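> What follows is work.csv, made up of CSV, C-alpha atoms and all ligand atoms:
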chain,number,residue,atom,x,y,z
C,5,MET,CA,-14.1,-24.1,-44.8
C,6,GLN,CA,-17.0,-25.0,-42.5
C,7,ARG,CA,-20.0,-26.7,-44.0
C,8,ARG,CA,-22.3,-24.0,-42.8
C,9,ASP,CA,-20.3,-21.4,-44.7
C,10,PHE,CA,-21.9,-22.9,-47.9
C,11,ILE,CA,-25.2,-21.5,-47.0
C,12,LEU,CA,-26.2,-18.3,-48.7
C,13,GLY,CA,-29.5,-17.5,-47.0
C,14,CYS,CA,-32.5,-19.0,-48.8
C,15,ALA,CA,-34.8,-16.1,-49.1
C,16,ALA,CA,-33.1,-15.3,-45.9
C,17,GLY,CA,-29.6,-16.4,-45.3
C,18,LEU,CA,-26.5,-17.8,-46.7
C,19,GLY,CA,-25.9,-20.9,-44.8
C,20,CYS,CA,-26.0,-24.5,-46.0
C,21,SER,CA,-25.2,-26.4,-49.1
C,22,THR,CA,-27.8,-27.8,-51.3
C,23,ASP,CA,-26.3,-31.2,-50.5
C,24,ALA,CA,-26.8,-30.6,-46.8
C,25,LEU,CA,-30.4,-29.5,-47.4
C,26,ALA,CA,-31.1,-32.5,-49.6
C,27,GLN,CA,-29.9,-34.8,-46.8
C,28,SER,CA,-32.2,-33.1,-44.3
C,29,PRO,CA,-35.6,-34.7,-43.8
C,30,SER,CA,-37.0,-31.3,-43.2
C,31,GLY,CA,-35.0,-29.5,-45.9
C,32,THR,CA,-37.0,-28.1,-48.8
C,33,ALA,CA,-34.3,-26.6,-51.0
C,34,ARG,CA,-35.2,-26.3,-54.6
C,35,PRO,CA,-32.2,-26.3,-56.9
C,36,TYR,CA,-31.9,-23.8,-59.6
C,37,ARG,CA,-29.1,-23.0,-61.9
C,38,ARG,CA,-25.9,-22.1,-60.2
C,39,ALA,CA,-25.2,-18.4,-60.6
C,40,LEU,CA,-22.2,-16.4,-59.3
C,41,LEU,CA,-23.1,-13.1,-57.5
C,42,VAL,CA,-21.0,-10.3,-59.2
C,43,ASP,CA,-20.4,-6.6,-58.7
C,44,ALA,CA,-21.1,-3.9,-61.3
C,45,ARG,CA,-17.8,-4.7,-63.0
C,46,GLY,CA,-18.8,-8.3,-63.4
C,47,GLU,CA,-16.3,-9.6,-60.9
C,48,GLY,CA,-17.2,-12.2,-58.4
C,49,LEU,CA,-18.4,-10.6,-55.2
C,50,LEU,CA,-16.5,-11.6,-52.1
C,51,ALA,CA,-18.2,-12.1,-48.8
C,52,ARG,CA,-15.7,-9.8,-47.1
C,53,GLU,CA,-16.5,-7.0,-49.5
C,54,ILE,CA,-20.1,-6.7,-48.5
C,55,ALA,CA,-20.7,-3.6,-46.3
C,56,PRO,CA,-22.7,-4.3,-43.1
C,57,ARG,CA,-26.3,-3.3,-43.0
C,58,GLN,CA,-26.5,-2.1,-46.6
C,59,ASN,CA,-29.6,-3.0,-48.8
C,60,LEU,CA,-28.3,-4.9,-51.8
C,61,LEU,CA,-30.4,-6.4,-54.5
C,62,PHE,CA,-29.9,-9.1,-57.1
C,63,HIS,CA,-32.3,-11.2,-59.2
C,64,TYR,CA,-32.5,-14.9,-58.8
C,65,PRO,CA,-33.6,-17.5,-59.8
C,66,TYR,CA,-35.5,-15.7,-62.5
C,67,VAL,CA,-34.6,-12.5,-64.4
C,68,GLY,CA,-37.7,-10.8,-62.8
C,69,THR,CA,-37.5,-12.0,-59.2
C,70,PRO,CA,-35.6,-9.8,-56.8
C,71,ALA,CA,-33.7,-10.9,-53.7
C,72,PHE,CA,-32.0,-9.1,-50.9
C,73,LEU,CA,-28.3,-9.7,-50.1
C,74,LEU,CA,-27.5,-8.4,-46.6
C,75,ASN,CA,-24.5,-8.4,-44.3
C,76,LEU,CA,-26.1,-8.1,-41.0
C,77,GLY,CA,-22.9,-7.2,-39.2
C,78,ARG,CA,-23.4,-9.9,-36.6
C,79,PRO,CA,-23.8,-13.7,-36.5
C,80,THR,CA,-27.1,-15.1,-37.4
C,81,ALA,CA,-28.9,-18.0,-35.7
C,82,THR,CA,-27.1,-21.2,-36.7
C,83,SER,CA,-30.3,-23.1,-37.2
C,84,SER,CA,-34.0,-22.0,-37.3
C,85,ALA,CA,-37.0,-24.3,-37.6
C,86,LEU,CA,-39.4,-22.5,-39.9
C,87,SER,CA,-42.7,-23.3,-41.6
C,88,THR,CA,-44.4,-22.1,-44.8
C,89,ALA,CA,-48.0,-21.0,-44.9
C,90,LYS,CA,-48.8,-24.5,-46.1
C,91,ARG,CA,-47.1,-25.9,-43.0
C,92,SER,CA,-44.2,-27.3,-44.9
C,93,ARG,CA,-41.3,-27.3,-42.4
C,94,TYR,CA,-37.8,-26.5,-43.1
C,95,GLN,CA,-34.5,-25.8,-41.3
C,96,TRP,CA,-32.7,-22.6,-42.1
C,97,ARG,CA,-29.0,-23.0,-41.4
C,98,GLY,CA,-27.9,-19.4,-40.8
C,99,GLY,CA,-25.7,-17.0,-42.6
C,100,VAL,CA,-22.4,-17.5,-44.4
C,101,GLY,CA,-19.1,-15.8,-44.4
C,102,ALA,CA,-16.5,-15.7,-41.7
C,103,ALA,CA,-18.9,-14.1,-39.2
C,104,ARG,CA,-22.0,-16.0,-40.5
C,105,SER,CA,-23.5,-12.6,-41.1
C,106,ILE,CA,-24.4,-12.7,-44.8
C,107,VAL,CA,-27.9,-13.7,-45.8
C,108,ALA,CA,-30.1,-13.7,-48.9
C,109,PHE,CA,-33.8,-13.7,-49.0
C,110,SER,CA,-36.5,-13.1,-51.6
C,111,ALA,CA,-37.5,-9.4,-51.8
C,112,ILE,CA,-41.1,-10.4,-52.6
C,113,CYS,CA,-43.2,-9.8,-49.5
C,114,ALA,CA,-44.8,-13.0,-48.3
C,115,HIS,CA,-48.1,-11.1,-47.7
C,116,GLN,CA,-49.3,-9.5,-50.9
C,117,MET,CA,-46.1,-9.7,-52.8
C,118,ALA,CA,-45.0,-6.1,-52.8
C,119,TYR,CA,-41.5,-6.0,-54.3
C,120,PRO,CA,-38.8,-3.5,-55.3
C,121,THR,CA,-39.3,-2.0,-58.8
C,122,ARG,CA,-37.1,0.5,-60.6
C,123,ASP,CA,-39.6,3.2,-59.6
C,124,ILE,CA,-40.4,2.4,-56.0
C,125,SER,CA,-39.9,-0.1,-53.1
C,126,PHE,CA,-42.1,-0.6,-50.1
C,127,ILE,CA,-39.8,-3.3,-48.7
C,128,SER,CA,-36.3,-3.1,-47.4
C,129,PHE,CA,-34.0,-3.9,-44.5
C,130,ARG,CA,-34.2,-1.3,-41.7
C,131,GLU,CA,-31.2,-0.9,-39.4
C,132,GLN,CA,-33.0,1.3,-36.9
C,133,ALA,CA,-36.4,0.9,-35.2
C,134,GLY,CA,-39.1,3.3,-36.4
C,135,PRO,CA,-42.7,4.5,-35.8
C,136,GLN,CA,-44.1,1.4,-37.5
C,137,HIS,CA,-41.5,-1.2,-36.3
C,138,ARG,CA,-40.4,-1.4,-32.8
C,139,ARG,CA,-37.6,-3.7,-33.6
C,140,ALA,CA,-34.4,-2.6,-35.3
C,141,GLU,CA,-32.8,-4.8,-38.0
C,142,VAL,CA,-35.9,-6.1,-39.6
C,143,ILE,CA,-36.9,-6.4,-43.2
C,144,HIS,CA,-40.0,-4.2,-43.2
C,145,CYS,CA,-42.8,-4.0,-45.9
C,146,CYS,CA,-44.6,-0.7,-45.6
C,147,ALA,CA,-47.5,-1.9,-47.6
C,148,GLU,CA,-49.2,-3.5,-44.6
C,149,HIS,CA,-46.2,-3.6,-42.2
C,150,SER,CA,-45.2,-7.2,-42.4
C,151,GLN,CA,-41.8,-7.5,-40.7
C,152,TYR,CA,-39.2,-10.2,-41.0
C,153,ASP,CA,-36.1,-11.1,-38.9
C,154,PRO,CA,-33.2,-11.7,-41.3
C,155,ALA,CA,-31.0,-13.1,-38.6
C,156,ASP,CA,-33.6,-15.8,-37.9
C,157,GLY,CA,-34.4,-17.1,-41.4
C,158,ALA,CA,-36.7,-14.1,-42.2
C,159,ARG,CA,-39.2,-15.4,-39.7
C,160,VAL,CA,-42.3,-13.1,-39.4
C,161,VAL,CA,-42.1,-10.9,-36.3
C,162,ALA,CA,-45.0,-8.6,-37.0
C,163,GLY,CA,-47.7,-7.9,-39.5
C,164,PRO,CA,-50.1,-10.0,-41.7
C,165,ALA,CA,-47.6,-12.2,-43.5
C,166,THR,CA,-48.1,-15.9,-42.8
C,167,GLN,CA,-44.7,-17.3,-43.7
C,168,PRO,CA,-41.1,-16.2,-43.8
C,169,LEU,CA,-39.5,-14.7,-46.9
C,170,ALA,CA,-38.1,-17.5,-49.1
C,171,ALA,CA,-34.4,-17.9,-48.6
C,172,GLY,CA,-31.5,-18.2,-51.0
C,173,VAL,CA,-29.1,-21.1,-50.7
C,174,ARG,CA,-25.5,-20.9,-51.6
C,175,ALA,CA,-24.2,-23.5,-54.0
C,176,PRO,CA,-21.0,-25.4,-53.2
C,177,ASP,CA,-18.0,-23.7,-54.7
C,178,PRO,CA,-14.3,-24.4,-54.9
C,179,ALA,CA,-13.6,-20.7,-54.2
C,180,PRO,CA,-15.3,-20.3,-50.8
C,181,ALA,CA,-14.9,-16.5,-50.6
C,182,THR,CA,-17.3,-16.0,-53.5
C,183,LEU,CA,-21.0,-16.3,-53.4
C,184,PRO,CA,-22.7,-18.6,-55.9
C,185,ALA,CA,-26.5,-19.0,-55.5
C,186,GLY,CA,-27.8,-22.4,-56.2
C,187,ALA,CA,-31.2,-23.0,-54.7
C,188,THR,CA,-34.1,-21.5,-52.7
C,189,GLN,CA,-35.7,-22.6,-49.5
C,190,GLY,CA,-39.0,-21.9,-47.9
C,191,GLY,CA,-42.3,-20.6,-49.3
C,192,GLU,CA,-41.6,-19.6,-52.9
C,193,LEU,CA,-44.2,-17.3,-54.5
C,194,PHE,CA,-42.8,-17.1,-58.0
C,195,ASP,CA,-45.8,-18.5,-59.8
C,196,ALA,CA,-48.3,-16.2,-58.0
C,197,PHE,CA,-45.9,-13.3,-58.5
C,198,PHE,CA,-45.6,-13.8,-62.2
C,199,ALA,CA,-49.4,-14.1,-62.5
C,200,LYS,CA,-50.1,-11.0,-60.4
C,201,TYR,CA,-47.6,-8.7,-62.0
C,202,GLU,CA,-47.7,-10.1,-65.6
C,203,VAL,CA,-48.3,-6.7,-67.2
C,204,ARG,CA,-45.9,-4.7,-65.0
C,205,LEU,CA,-43.1,-7.3,-65.4
C,206,SER,CA,-43.6,-7.3,-69.2
C,207,LEU,CA,-43.2,-3.6,-69.3
C,208,GLU,CA,-40.0,-3.8,-67.2
C,209,TYR,CA,-38.4,-6.9,-68.7
C,210,GLY,CA,-40.2,-7.6,-71.9
C,211,ALA,CA,-40.5,-11.4,-72.5
C,212,ARG,CA,-37.6,-12.1,-70.2
C,213,ALA,CA,-39.1,-11.8,-66.7
C,214,ARG,CA,-39.6,-15.6,-66.3
C,215,ASP,CA,-36.3,-16.6,-67.9
C,216,ARG,CA,-33.8,-18.3,-65.6
C,217,VAL,CA,-30.9,-16.1,-64.8
C,218,GLY,CA,-27.6,-16.8,-66.5
C,219,GLU,CA,-24.2,-17.7,-65.0
C,220,THR,CA,-24.0,-14.4,-63.1
C,221,CYS,CA,-26.3,-12.2,-61.1
C,222,THR,CA,-25.3,-8.6,-60.7
C,223,VAL,CA,-25.7,-7.2,-57.1
C,224,VAL,CA,-26.6,-3.5,-56.9
C,225,PRO,CA,-27.2,-1.2,-54.0
C,226,MET,CA,-31.0,-0.7,-53.4
C,227,ASP,CA,-30.6,3.1,-53.6
C,228,GLN,CA,-29.1,2.8,-57.1
C,229,TYR,CA,-31.8,0.3,-58.2
C,230,CYS,CA,-35.0,2.1,-56.9
C,231,ARG,CA,-35.8,5.7,-57.6
C,232,GLN,CA,-37.9,6.0,-54.4
C,233,GLN,CA,-37.8,3.9,-51.2
C,234,VAL,CA,-40.9,4.2,-49.0
C,235,ARG,CA,-40.1,4.6,-45.4
C,236,CYS,CA,-42.6,4.0,-42.6
V,301,LIG,S1,-47.5,-6.7,-49.2
V,301,LIG,FE1,-46.1,-6.6,-47.7
V,301,LIG,S2,-47.2,-6.3,-45.8
V,301,LIG,FE2,-48.7,-6.6,-47.4
What is this structure when it is put down as structure tokens?
Ligand code: FES

Amino acid sequence: MQRRDFILGCAAGLGCSTDALAQSPSGTARPYRRALLVDARGEGLLAREIAPRQNLLFHYPYVGTPAFLLNLGRPTATSSALSTAKRSRYQWRGGVGAARSIVAFSAICAHQMAYPTRDISFISFREQAGPQHRRAEVIHCCAEHSQYDPADGARVVAGPATQPLAAGVRAPDPAPATLPAGATQGGELFDAFFAKYEVRLSLEYGARARDRVGETCTVVPMDQYCRQQVRC
């Protein structure tokens, strides 16, 4: 297995191991508990089972923090130099899987933190271009139209966001076809997110929103998770 196949897209791409990031002077991976991504039956999700260009959601590293899992259907960049709003630089190492097409990013918009709830989502991956986004294959937040390129580390390509979506990093694993999450990379917004949405999150998760996830994270299609997806 190639080293880059260990990366599972920090807030934007499966791509490099936490070890690799830790060795990088510009790496900013923050390790969290290793958690295996599983399907609705609780079985480990295999990279080859992920349908191209489908919006999938899981929660990591906290019970209340959503993330996208995407198979872009084409290889991503192999390395992207990115920077957070506070000018902390990091290197995103691309997608994982045989085609380097599988990425994972925080689903919390880097602008004003719109995120998918059970009721509604303003942010999702869009395969086609549309009236408010000239580019196809972007993660688009309809709140104020921030757009991110998931093939390039969720770099901002339009709108008011000032940093990429945080990316998820795949943990090393002896079963390389599975997808264990192990860290995040880039501009995390979790503290601000929990503060802003304290009431809403308590209604949705009770006291568990800020608990760390367990040994598995269930991946679900966005259209099964959200009752309404806003398109723009
Ligand atoms: S919250 Fe997403 S663009 Fe403003």
> My list of candidates is C:Ser83, C:Thr121, C:Gln58, C:Thr182. Which is closest to Leu205 (chain C) when distances are computed with all atoms listed in the file?
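Of C:Ser83, C:Thr121, C:Gln58, C:Thr182, the one nearest Leu205 (chain C) is C:Thr121, counting all atoms listed in the file.
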> How would you report the residues lying within 9 Å of ligand LIG 301 (chain V), as a ChimeraX atom specification, if you count all atoms listed in the file?
/C:112-119,126-127,144-151,163-165
> Which distance in Å separates CA of Pro70 (chain C) and CA of Tyr94 (chain C), to one decimal?
21.7 Å
> Between C:Trp96, C:Tyr36, C:Phe129, C:Phe197, which is the closest to Phe72 (chain C) once you count all atoms listed in the file?
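Of the candidates, the smallest distance to Phe72 (chain C) is held by C:Phe129.
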> Any idea what the distance is between CA of Glu219 (chain C) and CA of Gly101 (chain C)?
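These atoms are spaced 21.3 Å apart.
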> Counting all atoms listed in the file, figure out which residue out of C:Leu207, C:Ala102, C:Ala89, C:Ala175 gets nearest to Arg159 (chain C).
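Closest residue, counting all atoms listed in the file: C:Ala89.
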> Give me the residues within 12 Å of Arg91 (chain C) as a ChimeraX atom specification, counting only C-alpha atoms and dropping any in the same chain fewer than 5 places off.
/C:30,32,85-86,166-168,190-191
> Limited to C-alpha atoms, could you put the picked residues into a file as a PDB file, in the frame of the given file?

ATOM      1  CA  SER C  30     -37.000 -31.300 -43.200  1.00  0.00           C
ATOM      2  CA  THR C  32     -37.000 -28.100 -48.800  1.00  0.00           C
ATOM      3  CA  ALA C  85     -37.000 -24.300 -37.600  1.00  0.00           C
ATOM      4  CA  LEU C  86     -39.400 -22.500 -39.900  1.00  0.00           C
ATOM      5  CA  THR C 166     -48.100 -15.900 -42.800  1.00  0.00           C
ATOM      6  CA  GLN C 167     -44.700 -17.300 -43.700  1.00  0.00           C
ATOM      7  CA  PRO C 168     -41.100 -16.200 -43.800  1.00  0.00           C
ATOM      8  CA  GLY C 190     -39.000 -21.900 -47.900  1.00  0.00           C
ATOM      9  CA  GLY C 191     -42.300 -20.600 -49.300  1.00  0.00           C
TER      10      GLY C 191
END
> Kindly give the distance, in Å, that separates CA of Glu131 (chain C) and CA of Arg97 (chain C), rounded to a single decimal.
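Separation of CA of Glu131 (chain C) and CA of Arg97 (chain C): 22.3 Å.
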> Find the residue from C:Leu50, C:Gly68, C:Cys236, C:Arg174 that sits nearest to Ser206 (chain C); use only C-alpha atoms when measuring.
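Residue with the minimum atom-to-atom distance to Ser206 (chain C): C:Gly68.
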